[in-house]
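Text of work.csv (CSV, C-alpha atoms) as supplied:
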```csv
chain,number,residue,atom,x,y,z
A,1,MET,CA,-31.4,136.1,52.8
A,2,SER,CA,-27.6,136.1,52.8
A,3,SER,CA,-27.5,139.9,52.9
A,4,GLN,CA,-29.9,139.8,55.9
A,5,LYS,CA,-27.6,137.4,57.7
A,6,ASN,CA,-24.7,139.6,56.8
A,7,ILE,CA,-26.5,142.7,58.4
A,8,LEU,CA,-27.5,140.8,61.5
A,9,GLU,CA,-24.0,139.4,61.9
A,10,THR,CA,-22.5,142.9,61.4
A,11,ILE,CA,-24.8,144.2,64.1
A,12,LEU,CA,-24.3,141.4,66.6
A,13,GLU,CA,-20.5,141.3,66.1
A,14,SER,CA,-20.0,145.0,66.4
A,15,PRO,CA,-18.9,146.5,69.7
A,16,ARG,CA,-21.4,149.3,69.0
A,17,THR,CA,-24.9,148.9,70.2
A,18,VAL,CA,-26.7,151.7,68.3
A,19,PHE,CA,-26.8,152.0,64.5
A,20,THR,CA,-28.2,154.2,61.8
A,21,ILE,CA,-28.8,153.1,58.2
A,22,GLN,CA,-25.8,155.2,57.2
A,23,SER,CA,-23.5,153.6,59.8
A,24,LEU,CA,-24.7,150.1,58.8
A,25,ARG,CA,-24.0,150.9,55.1
A,26,MET,CA,-20.4,151.8,56.1
A,27,LEU,CA,-20.0,148.7,58.3
A,28,SER,CA,-21.6,146.2,55.9
A,29,GLU,CA,-21.0,145.3,52.3
A,30,ASN,CA,-24.7,146.0,51.5
A,31,LYS,CA,-24.8,149.5,49.9
A,32,ASP,CA,-28.4,149.2,48.6
A,33,CYS,CA,-30.5,151.3,51.0
A,34,SER,CA,-33.8,149.6,50.1
A,35,LYS,CA,-32.5,146.1,50.7
A,36,LEU,CA,-30.8,147.2,53.9
A,37,SER,CA,-34.1,148.7,55.1
A,38,LYS,CA,-36.0,145.6,54.3
A,39,SER,CA,-33.4,143.5,56.2
A,40,LEU,CA,-33.6,145.7,59.2
A,41,ASN,CA,-37.4,145.7,59.2
A,42,TYR,CA,-37.3,141.9,59.0
A,43,TYR,CA,-35.0,141.5,61.9
A,44,THR,CA,-37.0,144.0,63.9
A,45,LYS,CA,-40.2,142.0,63.4
A,46,GLU,CA,-38.3,138.8,64.3
A,47,GLY,CA,-37.2,140.5,67.5
A,48,LYS,CA,-33.5,140.1,66.8
A,49,ILE,CA,-32.9,143.9,66.9
A,50,SER,CA,-34.9,146.9,68.0
A,51,ASN,CA,-36.0,150.1,66.3
A,52,PRO,CA,-36.7,152.6,69.1
A,53,ARG,CA,-36.7,155.6,66.9
A,54,LYS,CA,-37.2,156.1,63.1
A,55,GLY,CA,-33.8,155.5,61.4
A,56,ILE,CA,-32.1,154.1,64.5
A,57,TYR,CA,-31.6,150.4,65.2
A,58,THR,CA,-30.2,148.8,68.3
A,59,LYS,CA,-29.1,145.6,69.8
A,60,LYS,CA,-31.6,144.3,72.4
A,61,GLU,CA,-29.5,145.9,75.1
A,62,TYR,CA,-27.9,149.2,74.2
A,63,ASP,CA,-25.9,152.0,75.8
A,64,VAL,CA,-28.1,155.0,76.4
A,65,ARG,CA,-25.0,157.3,76.0
A,66,GLU,CA,-24.5,155.9,72.6
A,67,MET,CA,-28.1,156.5,71.8
A,68,ALA,CA,-27.8,160.1,72.9
A,69,CYS,CA,-24.9,160.7,70.4
A,70,CYS,CA,-26.9,159.1,67.5
A,71,ILE,CA,-30.2,160.8,67.8
A,72,PHE,CA,-29.1,164.1,66.4
A,73,ARG,CA,-25.6,164.3,64.8
A,74,PRO,CA,-23.3,166.0,65.6
A,75,ALA,CA,-23.9,165.9,69.4
A,76,TYR,CA,-21.9,165.2,72.5
A,77,ILE,CA,-22.9,164.5,76.1
A,78,SER,CA,-22.2,167.4,78.3
A,79,LEU,CA,-23.8,169.8,80.8
A,80,GLU,CA,-25.6,168.4,83.9
A,81,TYR,CA,-25.0,164.7,83.0
A,82,VAL,CA,-21.2,165.2,83.0
A,83,LEU,CA,-21.2,167.6,85.9
A,84,GLN,CA,-23.2,165.3,88.1
A,85,ARG,CA,-21.0,162.3,87.5
A,86,SER,CA,-17.9,164.5,88.1
A,87,GLY,CA,-19.1,165.6,91.5
A,88,ILE,CA,-19.5,169.3,90.5
A,89,VAL,CA,-23.3,169.3,90.7
A,90,PHE,CA,-24.9,167.3,93.5
A,91,GLN,CA,-28.5,167.3,92.4
A,92,PHE,CA,-29.1,164.1,90.4
A,93,ASP,CA,-31.3,163.8,87.4
A,94,GLU,CA,-31.5,160.8,85.1
A,95,THR,CA,-31.8,163.0,81.9
A,96,ILE,CA,-28.9,162.6,79.5
A,97,THR,CA,-28.0,166.1,78.5
A,98,CYS,CA,-26.3,166.9,75.3
A,99,VAL,CA,-25.0,169.7,73.2
A,100,SER,CA,-26.1,169.7,69.5
A,101,TYR,CA,-27.1,171.8,66.6
A,102,LEU,CA,-30.7,172.1,67.9
A,103,SER,CA,-32.7,172.2,71.1
A,104,ARG,CA,-35.0,169.3,71.8
A,105,SER,CA,-36.2,167.1,74.7
A,106,LEU,CA,-37.5,163.6,74.1
A,107,GLU,CA,-37.9,160.2,75.6
A,108,ILE,CA,-36.9,156.8,74.1
A,109,ASP,CA,-37.5,153.5,75.9
A,110,GLY,CA,-38.1,155.3,79.2
A,111,ASN,CA,-34.9,157.3,79.0
A,112,ARG,CA,-35.0,161.1,78.8
A,113,TYR,CA,-32.7,163.0,76.5
A,114,SER,CA,-32.2,166.8,76.4
A,115,PHE,CA,-30.4,168.6,73.6
A,116,ARG,CA,-29.2,172.2,73.8
A,117,ILE,CA,-28.1,174.2,70.8
A,118,ILE,CA,-24.6,175.7,70.7
A,119,LYS,CA,-23.2,177.9,67.9
A,120,PRO,CA,-21.6,176.1,65.0
A,121,GLU,CA,-18.2,177.7,65.6
A,122,LEU,CA,-17.8,175.7,68.7
A,123,TRP,CA,-18.0,172.5,66.8
A,124,VAL,CA,-14.7,173.2,65.0
A,125,GLY,CA,-12.7,172.4,68.1
A,126,MET,CA,-13.2,169.0,69.6
A,127,GLU,CA,-10.9,169.9,72.5
A,128,GLY,CA,-12.3,168.7,75.8
A,129,ILE,CA,-14.4,166.1,74.1
A,130,SER,CA,-13.4,162.4,74.3
A,131,GLN,CA,-14.6,160.0,71.6
A,132,ASN,CA,-14.9,156.3,72.3
A,133,ASP,CA,-16.6,154.4,69.5
A,134,ASN,CA,-20.0,155.9,69.1
A,135,ILE,CA,-19.9,158.0,72.3
A,136,CYS,CA,-18.7,161.6,72.4
A,137,ILE,CA,-18.6,163.0,75.9
A,138,ALA,CA,-17.3,166.3,77.3
A,139,THR,CA,-14.6,166.4,80.0
A,140,PRO,CA,-15.8,168.0,83.2
A,141,GLU,CA,-14.0,171.2,82.2
A,142,ARG,CA,-15.7,171.4,78.8
A,143,ALA,CA,-19.1,170.6,80.4
A,144,PHE,CA,-18.5,173.4,83.0
A,145,LEU,CA,-17.8,175.9,80.2
A,146,ASP,CA,-20.7,174.7,78.1
A,147,MET,CA,-23.0,175.2,81.1
A,148,LEU,CA,-21.7,178.7,81.8
A,149,TYR,CA,-22.0,179.6,78.2
A,150,LEU,CA,-25.5,178.2,77.6
A,151,SER,CA,-27.0,179.4,80.9
A,152,ALA,CA,-25.6,182.9,80.7
A,153,GLY,CA,-24.3,182.5,84.2
A,154,ASN,CA,-27.6,181.5,85.7
A,155,CYS,CA,-26.4,178.2,87.1
A,156,TYR,CA,-25.0,176.8,90.4
A,157,PHE,CA,-22.1,174.5,91.0
A,158,ASP,CA,-21.8,172.7,94.3
A,159,ASN,CA,-18.1,171.8,94.1
A,160,LEU,CA,-15.6,173.2,91.7
A,161,HIS,CA,-12.5,171.4,93.1
A,162,PRO,CA,-12.6,168.5,90.6
A,163,LEU,CA,-12.0,171.0,87.8
A,164,ASN,CA,-8.5,171.4,86.4
A,165,LYS,CA,-8.0,175.1,86.2
A,166,LYS,CA,-5.2,174.8,83.6
A,167,THR,CA,-7.5,172.8,81.3
A,168,VAL,CA,-10.3,175.4,81.7
A,169,ARG,CA,-7.9,178.2,80.8
A,170,LYS,CA,-6.8,176.2,77.7
A,171,LEU,CA,-10.5,175.7,76.6
A,172,LEU,CA,-11.7,179.3,77.2
A,173,PRO,CA,-10.5,180.7,73.8
A,174,LEU,CA,-12.7,178.2,71.9
A,175,TYR,CA,-15.8,180.1,73.1
A,176,ASN,CA,-14.5,183.5,72.0
A,177,SER,CA,-16.5,185.2,74.7
A,178,ASN,CA,-15.2,187.9,77.1
A,179,THR,CA,-18.3,187.5,79.3
A,180,LEU,CA,-17.7,183.7,79.6
A,181,CYS,CA,-14.0,184.3,80.4
A,182,ALA,CA,-14.9,186.8,83.1
A,183,ARG,CA,-17.5,184.4,84.7
A,184,ALA,CA,-15.1,181.5,84.6
A,185,THR,CA,-12.3,183.6,86.0
A,186,GLU,CA,-14.5,184.8,88.9
A,187,LEU,CA,-15.8,181.4,89.8
A,188,LEU,CA,-12.4,179.6,89.6
A,189,GLU,CA,-10.2,182.5,90.6
A,190,LEU,CA,-8.0,181.9,87.5
```

Please, can you express the file's structure as structure tokens?
Amino acid sequence: MSSQKNILETILESPRTVFTIQSLRMLSENKDCSKLSKSLNYYTKEGKISNPRKGIYTKKEYDVREMACCIFRPAYISLEYVLQRSGIVFQFDETITCVSYLSRSLEIDGNRYSFRIIKPELWVGMEGISQNDNICIATPERAFLDMLYLSAGNCYFDNLHPLNKKTVRKLLPLYNSNTLCARATELLEL
């Protein structure tokens, strides 16, 4: 039982709220996957932790943004979610939108998550993406460019004033797209 106590203490003492078996193996001293799985299942049945999705364990209260970044890795929060909270898009939607290596929409514990695929070359540069513990989130400028890139220009922005034009200009070469560059230049008058 000492390894179970170690796992539970590791989870409860961590500032993180969402865990995968791989992340728990790195955080704890228990490297045996089968023992770790048994411990996690035990604490889930006891109600000490939750298992909202296969392979993902959480504290009773968890950060939905952290969950979004753990469902499919690599992923970062971007697009409408960031643009709404930055005052660039006014129409509000509860869905947490992410950029990842695949496209999926799903619901976990009543929260909607939407993932859009982006080409692998764009994962090389993490410019414009802030990382805080388990949460990776795009800056408004990166989210703006992601939206333009993924929507092929079929999108609407209510207010472009919050965007830093210098930062947009700095991020544009990452996308290696003349069409995107032309769209951004036209919209922002770069």

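Of the listed residues A:Asn164, A:Gln22, A:Asn154, A:Asn176, the one whose atoms come nearest to A:Arg73 is A:Gln22, with distances taken using all atoms listed in the file.
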
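The space between atom CA of A:Val82 and atom CA of A:Leu174 spans 19.1 Å.
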
Task: Using only C-alpha atoms: which of A:Leu145, A:Ala152, A:Ile96, A:Met126 has the shortest distance to A:Val168 - done: A:Leu145

Open item on the list: Please report the interatomic distance between atom CA of A:His161 and atom CA of A:Asp133 in Å with one decimal.
Closed with: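 Going from atom CA of A:His161 over to atom CA of A:Asp133 covers 29.4 Å.
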
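In terms of minimum interatomic distance to A:Ile88, A:Pro140 ranks closest within A:Pro140, A:Pro173, A:Pro120, A:Gly128, counting all atoms listed in the file.
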
Task: Best match for closeness to A:Ile21 among A:Glu9, A:Arg183, A:Tyr57, A:Asn41, counting all atoms listed in the file - done: A:Tyr57

Task: atom CA of A:Asn132 to atom CA of A:Glu107, straight-line distance in Å - done: 23.6 Å

TODO: Determine, counting all atoms listed in the file, which protein, DNA and RNA residues have an atom within 12 Å of an atom of A:Ile11; residues of the same chain fewer than 6 positions away are not included. Present the result as an NGL selection string.
DONE: :A and (4-5 or 17-21 or 23-28 or 39-40 or 43 or 48-50 or 57-60 or 62)

Suppose we keep C-alpha atoms; can you now write the selection as an mmCIF file, in the coordinates of the input?
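Below is the file that was written, result.cif:
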```
data_model
loop_
_atom_site.group_PDB
_atom_site.id
_atom_site.type_symbol
_atom_site.label_atom_id
_atom_site.label_comp_id
_atom_site.auth_asym_id
_atom_site.auth_seq_id
_atom_site.Cartn_x
_atom_site.Cartn_y
_atom_site.Cartn_z
ATOM 1 C CA GLN A 4 -29.900 139.800 55.900
ATOM 2 C CA LYS A 5 -27.600 137.400 57.700
ATOM 3 C CA THR A 17 -24.900 148.900 70.200
ATOM 4 C CA VAL A 18 -26.700 151.700 68.300
ATOM 5 C CA PHE A 19 -26.800 152.000 64.500
ATOM 6 C CA THR A 20 -28.200 154.200 61.800
ATOM 7 C CA ILE A 21 -28.800 153.100 58.200
ATOM 8 C CA SER A 23 -23.500 153.600 59.800
ATOM 9 C CA LEU A 24 -24.700 150.100 58.800
ATOM 10 C CA ARG A 25 -24.000 150.900 55.100
ATOM 11 C CA MET A 26 -20.400 151.800 56.100
ATOM 12 C CA LEU A 27 -20.000 148.700 58.300
ATOM 13 C CA SER A 28 -21.600 146.200 55.900
ATOM 14 C CA SER A 39 -33.400 143.500 56.200
ATOM 15 C CA LEU A 40 -33.600 145.700 59.200
ATOM 16 C CA TYR A 43 -35.000 141.500 61.900
ATOM 17 C CA LYS A 48 -33.500 140.100 66.800
ATOM 18 C CA ILE A 49 -32.900 143.900 66.900
ATOM 19 C CA SER A 50 -34.900 146.900 68.000
ATOM 20 C CA TYR A 57 -31.600 150.400 65.200
ATOM 21 C CA THR A 58 -30.200 148.800 68.300
ATOM 22 C CA LYS A 59 -29.100 145.600 69.800
ATOM 23 C CA LYS A 60 -31.600 144.300 72.400
ATOM 24 C CA TYR A 62 -27.900 149.200 74.200
#
```

TODO: Name the closest residue to A:Thr95 among the candidates A:Leu36, A:Val64, A:Leu163, A:Leu188; distances are taken between atoms, counting only C-alpha atoms.
DONE: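 Looking only at the distances to A:Thr95, the closest residue turns out to be A:Val64.
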
TODO: Could you check which of A:Ser100, A:Met147, A:Tyr81, A:Asp158 is closest to A:Arg112, using only C-alpha atoms?
DONE: A:Tyr81
